[in-house]
file model_2.pdb (PDB, C-alpha atoms and all ligand atoms)
ATOM      1  CA  MET Y   1    -146.555 -38.596  38.916  1.00  0.00           C
ATOM      2  CA  ALA Y   2    -149.329 -39.380  41.379  1.00  0.00           C
ATOM      3  CA  ALA Y   3    -152.285 -38.481  39.177  1.00  0.00           C
ATOM      4  CA  SER Y   4    -153.370 -41.050  36.635  1.00  0.00           C
ATOM      5  CA  CYS Y   5    -153.946 -40.082  33.044  1.00  0.00           C
ATOM      6  CA  ARG Y   6    -154.772 -41.763  29.788  1.00  0.00           C
ATOM      7  CA  LEU Y   7    -152.624 -40.980  26.772  1.00  0.00           C
ATOM      8  CA  LYS Y   8    -153.479 -41.865  23.177  1.00  0.00           C
ATOM      9  CA  PRO Y   9    -151.844 -44.905  21.523  1.00  0.00           C
ATOM     10  CA  LEU Y  10    -148.782 -44.184  19.387  1.00  0.00           C
ATOM     11  CA  SER Y  11    -149.145 -44.970  15.695  1.00  0.00           C
ATOM     12  CA  ARG Y  12    -146.498 -42.840  13.967  1.00  0.00           C
ATOM     13  CA  VAL Y  13    -143.043 -43.540  15.337  1.00  0.00           C
ATOM     14  CA  ALA Y  14    -139.669 -42.713  13.707  1.00  0.00           C
ATOM     15  CA  VAL Y  15    -136.037 -43.489  14.519  1.00  0.00           C
ATOM     16  CA  SER Y  16    -133.026 -41.463  13.401  1.00  0.00           C
ATOM     17  CA  GLY Y  17    -129.588 -43.038  13.033  1.00  0.00           C
ATOM     18  CA  GLY Y  18    -126.655 -40.823  12.160  1.00  0.00           C
ATOM     19  CA  THR Y  19    -127.870 -37.518  13.581  1.00  0.00           C
ATOM     20  CA  HIS Y  20    -124.112 -37.328  14.193  1.00  0.00           C
ATOM     21  CA  GLY Y  21    -122.349 -38.793  11.150  1.00  0.00           C
ATOM     22  CA  ASN Y  22    -119.471 -40.493  13.005  1.00  0.00           C
ATOM     23  CA  GLU Y  23    -121.514 -42.415  15.621  1.00  0.00           C
ATOM     24  CA  MET Y  24    -121.730 -45.779  13.968  1.00  0.00           C
ATOM     25  CA  SER Y  25    -124.167 -47.971  15.960  1.00  0.00           C
ATOM     26  CA  GLY Y  26    -127.206 -45.929  14.936  1.00  0.00           C
ATOM     27  CA  ILE Y  27    -125.961 -45.487  11.365  1.00  0.00           C
ATOM     28  CA  TYR Y  28    -125.465 -49.232  10.859  1.00  0.00           C
ATOM     29  CA  LEU Y  29    -128.781 -50.017  12.524  1.00  0.00           C
ATOM     30  CA  ALA Y  30    -130.743 -47.449  10.486  1.00  0.00           C
ATOM     31  CA  LYS Y  31    -129.142 -48.722   7.250  1.00  0.00           C
ATOM     32  CA  HIS Y  32    -130.005 -52.283   8.243  1.00  0.00           C
ATOM     33  CA  TRP Y  33    -133.608 -51.315   9.050  1.00  0.00           C
ATOM     34  CA  LEU Y  34    -133.974 -49.365   5.804  1.00  0.00           C
ATOM     35  CA  ARG Y  35    -133.125 -52.616   3.956  1.00  0.00           C
ATOM     36  CA  ASP Y  36    -135.247 -54.792   6.243  1.00  0.00           C
ATOM     37  CA  PRO Y  37    -137.701 -53.026   8.565  1.00  0.00           C
ATOM     38  CA  MET Y  38    -139.277 -56.248   9.918  1.00  0.00           C
ATOM     39  CA  GLU Y  39    -137.839 -55.951  13.420  1.00  0.00           C
ATOM     40  CA  LEU Y  40    -139.289 -52.427  13.750  1.00  0.00           C
ATOM     41  CA  ARG Y  41    -142.821 -53.816  13.444  1.00  0.00           C
ATOM     42  CA  ARG Y  42    -145.129 -54.679  16.287  1.00  0.00           C
ATOM     43  CA  GLY Y  43    -148.826 -55.574  16.201  1.00  0.00           C
ATOM     44  CA  SER Y  44    -150.115 -52.049  16.817  1.00  0.00           C
ATOM     45  CA  PHE Y  45    -147.509 -49.873  15.017  1.00  0.00           C
ATOM     46  CA  ALA Y  46    -144.369 -49.819  12.872  1.00  0.00           C
ATOM     47  CA  VAL Y  47    -141.337 -47.536  13.121  1.00  0.00           C
ATOM     48  CA  THR Y  48    -140.020 -45.478  10.201  1.00  0.00           C
ATOM     49  CA  PRO Y  49    -136.196 -45.471  10.150  1.00  0.00           C
ATOM     50  CA  PHE Y  50    -134.195 -42.644   8.543  1.00  0.00           C
ATOM     51  CA  LEU Y  51    -130.664 -41.260   8.334  1.00  0.00           C
ATOM     52  CA  GLY Y  52    -130.464 -37.973  10.252  1.00  0.00           C
ATOM     53  CA  ASN Y  53    -127.519 -36.302   8.547  1.00  0.00           C
ATOM     54  CA  PRO Y  54    -126.740 -38.116   5.263  1.00  0.00           C
ATOM     55  CA  ARG Y  55    -123.934 -35.761   4.174  1.00  0.00           C
ATOM     56  CA  ALA Y  56    -122.130 -36.062   7.494  1.00  0.00           C
ATOM     57  CA  ILE Y  57    -122.589 -39.863   7.345  1.00  0.00           C
ATOM     58  CA  GLU Y  58    -121.003 -39.910   3.883  1.00  0.00           C
ATOM     59  CA  LYS Y  59    -117.990 -38.030   5.248  1.00  0.00           C
ATOM     60  CA  CYS Y  60    -118.047 -39.912   8.553  1.00  0.00           C
ATOM     61  CA  GLU Y  61    -117.934 -36.604  10.433  1.00  0.00           C
ATOM     62  CA  ARG Y  62    -120.119 -35.377  13.304  1.00  0.00           C
ATOM     63  CA  TYR Y  63    -121.565 -32.671  11.001  1.00  0.00           C
ATOM     64  CA  VAL Y  64    -120.602 -30.707   7.890  1.00  0.00           C
ATOM     65  CA  GLY Y  65    -121.734 -27.156   8.765  1.00  0.00           C
ATOM     66  CA  GLN Y  66    -123.116 -27.139  12.289  1.00  0.00           C
ATOM     67  CA  ASP Y  67    -124.378 -29.658  14.844  1.00  0.00           C
ATOM     68  CA  LEU Y  68    -127.713 -30.937  13.487  1.00  0.00           C
ATOM     69  CA  ASN Y  69    -128.918 -31.889  16.938  1.00  0.00           C
ATOM     70  CA  HIS Y  70    -128.922 -28.260  18.101  1.00  0.00           C
ATOM     71  CA  THR Y  71    -130.737 -26.973  15.027  1.00  0.00           C
ATOM     72  CA  PHE Y  72    -134.370 -27.733  15.872  1.00  0.00           C
ATOM     73  CA  THR Y  73    -135.283 -24.438  17.510  1.00  0.00           C
ATOM     74  CA  THR Y  74    -138.451 -22.708  16.299  1.00  0.00           C
ATOM     75  CA  GLU Y  75    -136.302 -19.787  15.184  1.00  0.00           C
ATOM     76  CA  LEU Y  76    -134.098 -21.885  12.868  1.00  0.00           C
ATOM     77  CA  LEU Y  77    -136.953 -24.105  11.663  1.00  0.00           C
ATOM     78  CA  SER Y  78    -139.021 -21.090  10.641  1.00  0.00           C
ATOM     79  CA  SER Y  79    -136.114 -19.096   9.164  1.00  0.00           C
ATOM     80  CA  ALA Y  80    -136.159 -18.298   5.437  1.00  0.00           C
ATOM     81  CA  GLU Y  81    -133.848 -20.362   3.242  1.00  0.00           C
ATOM     82  CA  ALA Y  82    -130.532 -18.592   2.687  1.00  0.00           C
ATOM     83  CA  GLU Y  83    -127.830 -19.475   0.169  1.00  0.00           C
ATOM     84  CA  ASP Y  84    -125.017 -19.335   2.686  1.00  0.00           C
ATOM     85  CA  GLU Y  85    -126.781 -21.243   5.464  1.00  0.00           C
ATOM     86  CA  PRO Y  86    -125.173 -24.395   6.884  1.00  0.00           C
ATOM     87  CA  TYR Y  87    -126.376 -27.664   5.277  1.00  0.00           C
ATOM     88  CA  GLU Y  88    -127.867 -28.796   8.608  1.00  0.00           C
ATOM     89  CA  VAL Y  89    -130.311 -25.871   8.791  1.00  0.00           C
ATOM     90  CA  GLY Y  90    -131.928 -26.978   5.511  1.00  0.00           C
ATOM     91  CA  ARG Y  91    -131.811 -30.632   6.596  1.00  0.00           C
ATOM     92  CA  ALA Y  92    -133.536 -29.697   9.883  1.00  0.00           C
ATOM     93  CA  ARG Y  93    -136.346 -28.009   7.919  1.00  0.00           C
ATOM     94  CA  GLU Y  94    -136.753 -31.172   5.793  1.00  0.00           C
ATOM     95  CA  ILE Y  95    -136.916 -33.391   8.891  1.00  0.00           C
ATOM     96  CA  ASN Y  96    -139.394 -30.975  10.470  1.00  0.00           C
ATOM     97  CA  GLN Y  97    -141.575 -31.139   7.338  1.00  0.00           C
ATOM     98  CA  THR Y  98    -141.510 -34.943   7.244  1.00  0.00           C
ATOM     99  CA  TYR Y  99    -141.888 -35.810  10.933  1.00  0.00           C
ATOM    100  CA  GLY Y 100    -143.272 -32.592  12.431  1.00  0.00           C
ATOM    101  CA  PRO Y 101    -143.963 -29.783  12.163  1.00  0.00           C
ATOM    102  CA  LYS Y 102    -142.677 -29.302  15.701  1.00  0.00           C
ATOM    103  CA  GLY Y 103    -145.504 -28.530  18.128  1.00  0.00           C
ATOM    104  CA  SER Y 104    -148.294 -29.345  15.626  1.00  0.00           C
ATOM    105  CA  ALA Y 105    -151.089 -31.943  15.707  1.00  0.00           C
ATOM    106  CA  GLN Y 106    -149.674 -33.599  12.538  1.00  0.00           C
ATOM    107  CA  ALA Y 107    -146.298 -34.285  14.136  1.00  0.00           C
ATOM    108  CA  PHE Y 108    -145.172 -37.900  14.595  1.00  0.00           C
ATOM    109  CA  ASP Y 109    -146.167 -39.366  17.963  1.00  0.00           C
ATOM    110  CA  PHE Y 110    -142.666 -40.393  18.941  1.00  0.00           C
ATOM    111  CA  MET Y 111    -139.069 -40.184  17.693  1.00  0.00           C
ATOM    112  CA  PHE Y 112    -135.988 -42.115  18.783  1.00  0.00           C
ATOM    113  CA  ASP Y 113    -132.530 -40.701  18.192  1.00  0.00           C
ATOM    114  CA  LEU Y 114    -129.477 -43.012  18.335  1.00  0.00           C
ATOM    115  CA  HIS Y 115    -126.051 -41.800  19.519  1.00  0.00           C
ATOM    116  CA  ASN Y 116    -122.691 -43.157  20.656  1.00  0.00           C
ATOM    117  CA  THR Y 117    -120.268 -41.674  23.124  1.00  0.00           C
ATOM    118  CA  THR Y 118    -116.565 -42.353  23.629  1.00  0.00           C
ATOM    119  CA  ALA Y 119    -117.262 -42.256  27.393  1.00  0.00           C
ATOM    120  CA  ASN Y 120    -117.396 -45.572  29.266  1.00  0.00           C
ATOM    121  CA  MET Y 121    -120.887 -44.940  30.588  1.00  0.00           C
ATOM    122  CA  GLY Y 122    -122.967 -47.857  29.309  1.00  0.00           C
ATOM    123  CA  ALA Y 123    -126.395 -46.793  28.132  1.00  0.00           C
ATOM    124  CA  CYS Y 124    -127.814 -43.360  28.818  1.00  0.00           C
ATOM    125  CA  LEU Y 125    -131.445 -42.481  28.160  1.00  0.00           C
ATOM    126  CA  ILE Y 126    -131.836 -38.808  27.327  1.00  0.00           C
ATOM    127  CA  VAL Y 127    -135.177 -37.059  27.853  1.00  0.00           C
ATOM    128  CA  ASP Y 128    -135.908 -33.330  27.786  1.00  0.00           C
ATOM    129  CA  SER Y 129    -137.460 -33.171  31.261  1.00  0.00           C
ATOM    130  CA  GLU Y 130    -139.199 -35.249  33.915  1.00  0.00           C
ATOM    131  CA  GLU Y 131    -142.488 -33.695  32.797  1.00  0.00           C
ATOM    132  CA  SER Y 132    -142.350 -35.845  29.651  1.00  0.00           C
ATOM    133  CA  LEU Y 133    -144.592 -38.527  31.061  1.00  0.00           C
ATOM    134  CA  LEU Y 134    -144.486 -41.152  28.326  1.00  0.00           C
ATOM    135  CA  PRO Y 135    -140.675 -41.080  27.781  1.00  0.00           C
ATOM    136  CA  MET Y 136    -140.162 -41.274  31.566  1.00  0.00           C
ATOM    137  CA  HIS Y 137    -142.360 -44.381  31.756  1.00  0.00           C
ATOM    138  CA  MET Y 138    -140.424 -45.808  28.812  1.00  0.00           C
ATOM    139  CA  CYS Y 139    -137.140 -45.161  30.669  1.00  0.00           C
ATOM    140  CA  HIS Y 140    -138.516 -46.903  33.736  1.00  0.00           C
ATOM    141  CA  TYR Y 141    -139.548 -49.893  31.627  1.00  0.00           C
ATOM    142  CA  ILE Y 142    -136.119 -50.060  29.936  1.00  0.00           C
ATOM    143  CA  GLN Y 143    -134.299 -49.819  33.281  1.00  0.00           C
ATOM    144  CA  THR Y 144    -136.388 -52.702  34.588  1.00  0.00           C
ATOM    145  CA  HIS Y 145    -136.087 -54.960  31.526  1.00  0.00           C
ATOM    146  CA  TYR Y 146    -132.717 -54.229  29.921  1.00  0.00           C
ATOM    147  CA  LYS Y 147    -129.848 -55.952  31.714  1.00  0.00           C
ATOM    148  CA  TRP Y 148    -126.767 -55.591  29.504  1.00  0.00           C
ATOM    149  CA  SER Y 149    -125.412 -52.418  31.059  1.00  0.00           C
ATOM    150  CA  PRO Y 150    -126.505 -49.671  33.435  1.00  0.00           C
ATOM    151  CA  CYS Y 151    -129.143 -47.345  31.932  1.00  0.00           C
ATOM    152  CA  ARG Y 152    -128.898 -43.951  33.522  1.00  0.00           C
ATOM    153  CA  ILE Y 153    -131.356 -41.187  32.742  1.00  0.00           C
ATOM    154  CA  TYR Y 154    -130.224 -37.716  31.767  1.00  0.00           C
ATOM    155  CA  LEU Y 155    -132.676 -34.787  31.621  1.00  0.00           C
ATOM    156  CA  TYR Y 156    -131.069 -32.322  29.232  1.00  0.00           C
ATOM    157  CA  LYS Y 157    -133.352 -29.270  29.145  1.00  0.00           C
ATOM    158  CA  LEU Y 158    -132.475 -26.373  31.430  1.00  0.00           C
ATOM    159  CA  PRO Y 159    -135.343 -24.410  33.050  1.00  0.00           C
ATOM    160  CA  GLY Y 160    -136.826 -21.924  30.576  1.00  0.00           C
ATOM    161  CA  GLU Y 161    -134.784 -23.319  27.665  1.00  0.00           C
ATOM    162  CA  GLU Y 162    -136.502 -24.371  24.420  1.00  0.00           C
ATOM    163  CA  THR Y 163    -136.064 -27.966  23.192  1.00  0.00           C
ATOM    164  CA  TYR Y 164    -133.642 -28.087  20.259  1.00  0.00           C
ATOM    165  CA  SER Y 165    -132.927 -31.762  19.599  1.00  0.00           C
ATOM    166  CA  ILE Y 166    -134.047 -33.744  16.548  1.00  0.00           C
ATOM    167  CA  ASP Y 167    -136.657 -35.736  18.479  1.00  0.00           C
ATOM    168  CA  SER Y 168    -138.320 -32.480  19.607  1.00  0.00           C
ATOM    169  CA  VAL Y 169    -140.069 -32.269  16.197  1.00  0.00           C
ATOM    170  CA  ALA Y 170    -142.210 -35.245  17.290  1.00  0.00           C
ATOM    171  CA  LYS Y 171    -144.772 -35.094  20.104  1.00  0.00           C
ATOM    172  CA  ALA Y 172    -142.437 -37.060  22.373  1.00  0.00           C
ATOM    173  CA  GLY Y 173    -138.996 -38.572  22.076  1.00  0.00           C
ATOM    174  CA  LEU Y 174    -136.047 -40.374  23.547  1.00  0.00           C
ATOM    175  CA  ALA Y 175    -132.351 -40.307  22.665  1.00  0.00           C
ATOM    176  CA  LEU Y 176    -130.223 -43.388  23.322  1.00  0.00           C
ATOM    177  CA  GLU Y 177    -126.548 -42.747  24.014  1.00  0.00           C
ATOM    178  CA  LEU Y 178    -124.290 -45.787  24.178  1.00  0.00           C
ATOM    179  CA  GLY Y 179    -120.600 -46.073  24.987  1.00  0.00           C
ATOM    180  CA  PRO Y 180    -117.716 -46.529  24.958  1.00  0.00           C
ATOM    181  CA  GLN Y 181    -117.176 -46.558  21.210  1.00  0.00           C
ATOM    182  CA  PRO Y 182    -114.542 -44.568  19.322  1.00  0.00           C
ATOM    183  CA  GLN Y 183    -115.888 -42.263  16.633  1.00  0.00           C
ATOM    184  CA  ARG Y 184    -116.007 -43.864  13.141  1.00  0.00           C
ATOM    185  CA  VAL Y 185    -115.756 -47.362  14.640  1.00  0.00           C
ATOM    186  CA  VAL Y 186    -118.460 -50.066  14.742  1.00  0.00           C
ATOM    187  CA  ARG Y 187    -118.280 -52.364  17.751  1.00  0.00           C
ATOM    188  CA  ALA Y 188    -120.460 -55.442  17.327  1.00  0.00           C
ATOM    189  CA  ASP Y 189    -121.199 -55.625  21.058  1.00  0.00           C
ATOM    190  CA  LEU Y 190    -122.509 -52.038  21.184  1.00  0.00           C
ATOM    191  CA  PHE Y 191    -124.421 -52.549  17.929  1.00  0.00           C
ATOM    192  CA  ALA Y 192    -126.186 -55.531  19.548  1.00  0.00           C
ATOM    193  CA  GLN Y 193    -126.843 -53.543  22.741  1.00  0.00           C
ATOM    194  CA  MET Y 194    -128.418 -50.655  20.874  1.00  0.00           C
ATOM    195  CA  ARG Y 195    -130.565 -53.066  18.913  1.00  0.00           C
ATOM    196  CA  ALA Y 196    -131.697 -54.677  22.183  1.00  0.00           C
ATOM    197  CA  LEU Y 197    -132.445 -51.279  23.772  1.00  0.00           C
ATOM    198  CA  MET Y 198    -134.627 -50.346  20.810  1.00  0.00           C
ATOM    199  CA  ALA Y 199    -136.426 -53.702  20.932  1.00  0.00           C
ATOM    200  CA  CYS Y 200    -137.120 -53.099  24.630  1.00  0.00           C
ATOM    201  CA  ALA Y 201    -138.468 -49.590  23.935  1.00  0.00           C
ATOM    202  CA  LEU Y 202    -140.724 -50.923  21.170  1.00  0.00           C
ATOM    203  CA  ASP Y 203    -142.037 -53.641  23.490  1.00  0.00           C
ATOM    204  CA  PHE Y 204    -143.001 -50.856  25.901  1.00  0.00           C
ATOM    205  CA  ILE Y 205    -144.908 -48.965  23.172  1.00  0.00           C
ATOM    206  CA  GLU Y 206    -146.721 -52.156  22.167  1.00  0.00           C
ATOM    207  CA  LEU Y 207    -147.818 -52.782  25.776  1.00  0.00           C
ATOM    208  CA  PHE Y 208    -148.808 -49.133  26.126  1.00  0.00           C
ATOM    209  CA  ASN Y 209    -150.858 -49.249  22.895  1.00  0.00           C
ATOM    210  CA  LYS Y 210    -152.634 -52.365  24.123  1.00  0.00           C
ATOM    211  CA  GLY Y 211    -153.852 -50.474  27.195  1.00  0.00           C
ATOM    212  CA  THR Y 212    -151.393 -51.683  29.838  1.00  0.00           C
ATOM    213  CA  VAL Y 213    -151.561 -49.534  32.965  1.00  0.00           C
ATOM    214  CA  PHE Y 214    -148.150 -48.286  34.109  1.00  0.00           C
ATOM    215  CA  PRO Y 215    -148.298 -47.263  37.775  1.00  0.00           C
ATOM    216  CA  ALA Y 216    -146.491 -44.276  39.289  1.00  0.00           C
ATOM    217  CA  PHE Y 217    -142.850 -44.777  40.305  1.00  0.00           C
ATOM    218  CA  GLU Y 218    -139.814 -43.084  41.740  1.00  0.00           C
ATOM    219  CA  ILE Y 219    -136.690 -42.975  39.628  1.00  0.00           C
ATOM    220  CA  GLU Y 220    -133.166 -41.546  39.731  1.00  0.00           C
ATOM    221  CA  ALA Y 221    -132.214 -39.105  36.974  1.00  0.00           C
ATOM    222  CA  TYR Y 222    -129.294 -36.767  36.290  1.00  0.00           C
ATOM    223  CA  LYS Y 223    -129.436 -33.067  35.448  1.00  0.00           C
ATOM    224  CA  ILE Y 224    -126.796 -30.430  34.838  1.00  0.00           C
ATOM    225  CA  THR Y 225    -126.323 -28.396  37.994  1.00  0.00           C
ATOM    226  CA  GLY Y 226    -123.267 -26.495  36.787  1.00  0.00           C
ATOM    227  CA  ARG Y 227    -120.138 -26.776  34.662  1.00  0.00           C
ATOM    228  CA  MET Y 228    -116.645 -27.137  36.041  1.00  0.00           C
ATOM    229  CA  ASP Y 229    -113.573 -26.216  34.001  1.00  0.00           C
ATOM    230  CA  TYR Y 230    -110.196 -27.976  34.330  1.00  0.00           C
ATOM    231  CA  PRO Y 231    -107.591 -26.243  36.488  1.00  0.00           C
ATOM    232  CA  ARG Y 232    -105.406 -24.114  34.215  1.00  0.00           C
ATOM    233  CA  TYR Y 233    -101.951 -22.517  34.185  1.00  0.00           C
ATOM    234  CA  PRO Y 234    -101.889 -18.708  34.092  1.00  0.00           C
ATOM    235  CA  ASN Y 235    -101.497 -18.874  30.289  1.00  0.00           C
ATOM    236  CA  GLY Y 236    -104.782 -20.798  30.005  1.00  0.00           C
ATOM    237  CA  GLU Y 237    -103.277 -24.206  29.276  1.00  0.00           C
ATOM    238  CA  ILE Y 238    -104.987 -27.127  31.084  1.00  0.00           C
ATOM    239  CA  SER Y 239    -102.891 -28.261  34.062  1.00  0.00           C
ATOM    240  CA  ALA Y 240    -104.735 -31.433  35.123  1.00  0.00           C
ATOM    241  CA  MET Y 241    -106.236 -34.655  33.830  1.00  0.00           C
ATOM    242  CA  VAL Y 242    -109.132 -36.914  34.842  1.00  0.00           C
ATOM    243  CA  HIS Y 243    -108.200 -39.122  37.817  1.00  0.00           C
ATOM    244  CA  PRO Y 244    -107.774 -42.803  36.856  1.00  0.00           C
ATOM    245  CA  LYS Y 245    -110.413 -43.826  39.395  1.00  0.00           C
ATOM    246  CA  LEU Y 246    -112.961 -41.722  37.517  1.00  0.00           C
ATOM    247  CA  GLN Y 247    -111.651 -42.703  34.065  1.00  0.00           C
ATOM    248  CA  VAL Y 248    -112.120 -46.422  34.667  1.00  0.00           C
ATOM    249  CA  GLY Y 249    -115.857 -46.103  34.163  1.00  0.00           C
ATOM    250  CA  VAL Y 250    -118.866 -46.438  36.311  1.00  0.00           C
ATOM    251  CA  GLY Y 251    -119.534 -49.953  37.454  1.00  0.00           C
ATOM    252  CA  TRP Y 252    -119.217 -52.078  34.375  1.00  0.00           C
ATOM    253  CA  GLU Y 253    -116.456 -53.473  32.175  1.00  0.00           C
TER     254      GLU Y 253
HETATM  255 ZN    ZN Y 301    -124.228 -37.936  19.045  1.00  0.00          ZN
END
call {"tool": "encode", "arguments": {"input": "model_2.pdb", "output": "structure tokens"}}
result
Amino acid sequence: MAASCRLKPLSRVAVSGGTHGNEMSGIYLAKHWLRDPMELRRGSFAVTPFLGNPRAIEKCERYVGQDLNHTFTTELLSSAEAEDEPYEVGRAREINQTYGPKGSAQAFDFMFDLHNTTANMGACLIVDSEESLLPMHMCHYIQTHYKWSPCRIYLYKLPGEETYSIDSVAKAGLALELGPQPQRVVRADLFAQMRALMACALDFIELFNKGTVFPAFEIEAYKITGRMDYPRYPNGEISAMVHPKLQVGVGWE
């Protein structure tokens, strides 16, 4: 990131809660913001909140037909409506119509996507790749200003793979993953942390829109380098478990 460049201010920003219908911090926050969007406003922009997967939220399940967050490929978004298609494919088209279309000039400038994990990992900031300049600067800003838990960065896109997540319909995006929280449970402490993470991210956008210069930086980020299965018995049954030293979590209570 040595070269300097000037990006346009962000005016159309959206946030999805409940892309997975059993991850409660984002669902409760989005419902709160839909009633009272004041805290999503800054001087230069305002954020539009929405519920990602309303049917899954109603049932308090991750999804009803298929995982919504893997449904935003160009192939699925441009497929013809079919009677027997999963609910999420139609919902993805709706979201693409409202906040995209993906890859077009009309698409929203930025989308946040709020998730919880059962893993004891604190906050994780998920970006497609390190080439996404604005989200990477946002991650750097959040890491510097947010102190409640570690904020690791995960780059999810494999080389040559197409983006498929909900925030890929906007021009840029960031997913916030916060844990540990059991599915279907609202923990007030994690609710407050997610709210604070969002406030921090919006502060960054406001500074960016006002012309603040963000210098180049070095940053640590995680990528998938391979998958490792559990050891198994000859009949395929798992023969091991995660070591308690790894299960305890990574540096915070
Ligand atoms: Zn999720």
call {"tool": "residues_around", "arguments": {"input": "model_2.pdb", "residues": "Glu23 (chain Y)", "least_positions_apart": "5", "cutoff": "7 Å", "atoms": "all atoms listed in the file", "output": "JSON, numbers by chain"}}
result
{"Y": [18, 115, 116, 183, 184]}
call {"tool": "atom_distance", "arguments": {"input": "model_2.pdb", "atom1": "CA of Pro159 (chain Y)", "atom2": "CA of Phe72 (chain Y)"}}
result
17.5 Å
call {"tool": "residues_near_ligand", "arguments": {"input": "model_2.pdb", "ligand": "ligand ZN 301 (chain Y)", "cutoff": "10 Å", "atoms": "all atoms listed in the file", "output": "list in words"}}
result
Gly17, Gly18, Thr19, His20, Gly21, Asn22, Glu23, Met24, Gly26, Arg62, Tyr63, Asp67, Leu68, Asn69, Asp113, Leu114, His115, Asn116, Thr117, Thr118, Ala175, Leu176, Glu177, Leu178 and Gln183 of chain Y
call {"tool": "write_last_selection", "arguments": {"input": "model_2.pdb", "atoms": "C-alpha atoms", "output": "mmCIF file, keeping the file's coordinate frame"}}
result
data_model
loop_
_atom_site.group_PDB
_atom_site.id
_atom_site.type_symbol
_atom_site.label_atom_id
_atom_site.label_comp_id
_atom_site.auth_asym_id
_atom_site.auth_seq_id
_atom_site.Cartn_x
_atom_site.Cartn_y
_atom_site.Cartn_z
ATOM 1 C CA GLY Y 17 -129.588 -43.038 13.033
ATOM 2 C CA GLY Y 18 -126.655 -40.823 12.160
ATOM 3 C CA THR Y 19 -127.870 -37.518 13.581
ATOM 4 C CA HIS Y 20 -124.112 -37.328 14.193
ATOM 5 C CA GLY Y 21 -122.349 -38.793 11.150
ATOM 6 C CA ASN Y 22 -119.471 -40.493 13.005
ATOM 7 C CA GLU Y 23 -121.514 -42.415 15.621
ATOM 8 C CA MET Y 24 -121.730 -45.779 13.968
ATOM 9 C CA GLY Y 26 -127.206 -45.929 14.936
ATOM 10 C CA ARG Y 62 -120.119 -35.377 13.304
ATOM 11 C CA TYR Y 63 -121.565 -32.671 11.001
ATOM 12 C CA ASP Y 67 -124.378 -29.658 14.844
ATOM 13 C CA LEU Y 68 -127.713 -30.937 13.487
ATOM 14 C CA ASN Y 69 -128.918 -31.889 16.938
ATOM 15 C CA ASP Y 113 -132.530 -40.701 18.192
ATOM 16 C CA LEU Y 114 -129.477 -43.012 18.335
ATOM 17 C CA HIS Y 115 -126.051 -41.800 19.519
ATOM 18 C CA ASN Y 116 -122.691 -43.157 20.656
ATOM 19 C CA THR Y 117 -120.268 -41.674 23.124
ATOM 20 C CA THR Y 118 -116.565 -42.353 23.629
ATOM 21 C CA ALA Y 175 -132.351 -40.307 22.665
ATOM 22 C CA LEU Y 176 -130.223 -43.388 23.322
ATOM 23 C CA GLU Y 177 -126.548 -42.747 24.014
ATOM 24 C CA LEU Y 178 -124.290 -45.787 24.178
ATOM 25 C CA GLN Y 183 -115.888 -42.263 16.633
#
call {"tool": "resolve_selection", "arguments": {"input": "model_2.pdb", "expression": "the PyMOL selection byres (((chain Y and resi 111) around 6) and not hetatm)", "output": "CSV table (one decimal) with C-alpha atoms, keeping the file's coordinate frame"}}
result
chain,number,residue,atom,x,y,z
Y,13,VAL,CA,-143.0,-43.5,15.3
Y,14,ALA,CA,-139.7,-42.7,13.7
Y,15,VAL,CA,-136.0,-43.5,14.5
Y,110,PHE,CA,-142.7,-40.4,18.9
Y,112,PHE,CA,-136.0,-42.1,18.8
Y,167,ASP,CA,-136.7,-35.7,18.5
Y,170,ALA,CA,-142.2,-35.2,17.3
Y,173,GLY,CA,-139.0,-38.6,22.1
call {"tool": "resolve_selection", "arguments": {"input": "model_2.pdb", "expression": "the PyMOL selection byres (((chain Y and resi 123-125) around 8) and not hetatm)", "output": "PyMOL selection string"}}
result
chain Y and resi 121-122+126-127+139+149-154+174-179
call {"tool": "resolve_selection", "arguments": {"input": "model_2.pdb", "expression": "the PyMOL selection byres (((chain Y and resi 103) around 12) and not hetatm)", "output": "list in words"}}
result
Phe72, Thr73, Thr74, Leu77, Asn96, Gln97, Tyr99, Gly100, Pro101, Lys102, Ser104, Ala105, Gln106, Ala107, Phe108, Asp109, Glu162, Thr163, Asp167, Ser168, Val169, Ala170, Lys171 and Ala172 of chain Y
call {"tool": "residues_around", "arguments": {"input": "model_2.pdb", "residues": "Tyr87 (chain Y)", "least_positions_apart": "4", "cutoff": "8 Å", "atoms": "all atoms listed in the file", "output": "ChimeraX atom specification"}}
result
/Y:64-66,91
call {"tool": "residues_around", "arguments": {"input": "model_2.pdb", "residues": "Leu76 (chain Y)", "least_positions_apart": "2", "cutoff": "10 Å", "atoms": "only C-alpha atoms", "output": "ChimeraX atom specification"}}
result
/Y:70-74,78-81,89-90,92-93,164
call {"tool": "closest_residue", "arguments": {"input": "model_2.pdb", "among": "Y:Asp128, Y:Leu133, Y:Gln193, Y:Glu85", "to": "Glu161 (chain Y)", "atoms": "all atoms listed in the file"}}
result
Y:Asp128
call {"tool": "axis_aligned_box", "arguments": {"input": "model_2.pdb", "around": "region 180-196 of chain Y", "padding_each_side": "4 Å", "output": "JSON"}}
result
{"center_x": -123.1, "center_y": -48.9, "center_z": 19.0, "size_x": 25.2, "size_y": 21.4, "size_z": 19.8}
call {"tool": "atom_distance", "arguments": {"input": "model_2.pdb", "atom1": "CA of Ser132 (chain Y)", "atom2": "CA of Leu155 (chain Y)"}}
result
9.9 Å
call {"tool": "closest_residue", "arguments": {"input": "model_2.pdb", "among": "Y:Pro9, Y:Tyr222, Y:Asp203, Y:Ser25", "to": "Arg187 (chain Y)", "atoms": "only C-alpha atoms"}}
result
Y:Ser25
call {"tool": "residues_around", "arguments": {"input": "model_2.pdb", "residues": "Ala30 (chain Y)", "least_positions_apart": "5", "cutoff": "7 Å", "atoms": "only C-alpha atoms", "output": "list of chain:residue names"}}
result
Y:Gly17, Y:Pro49, Y:Phe50, Y:Leu51
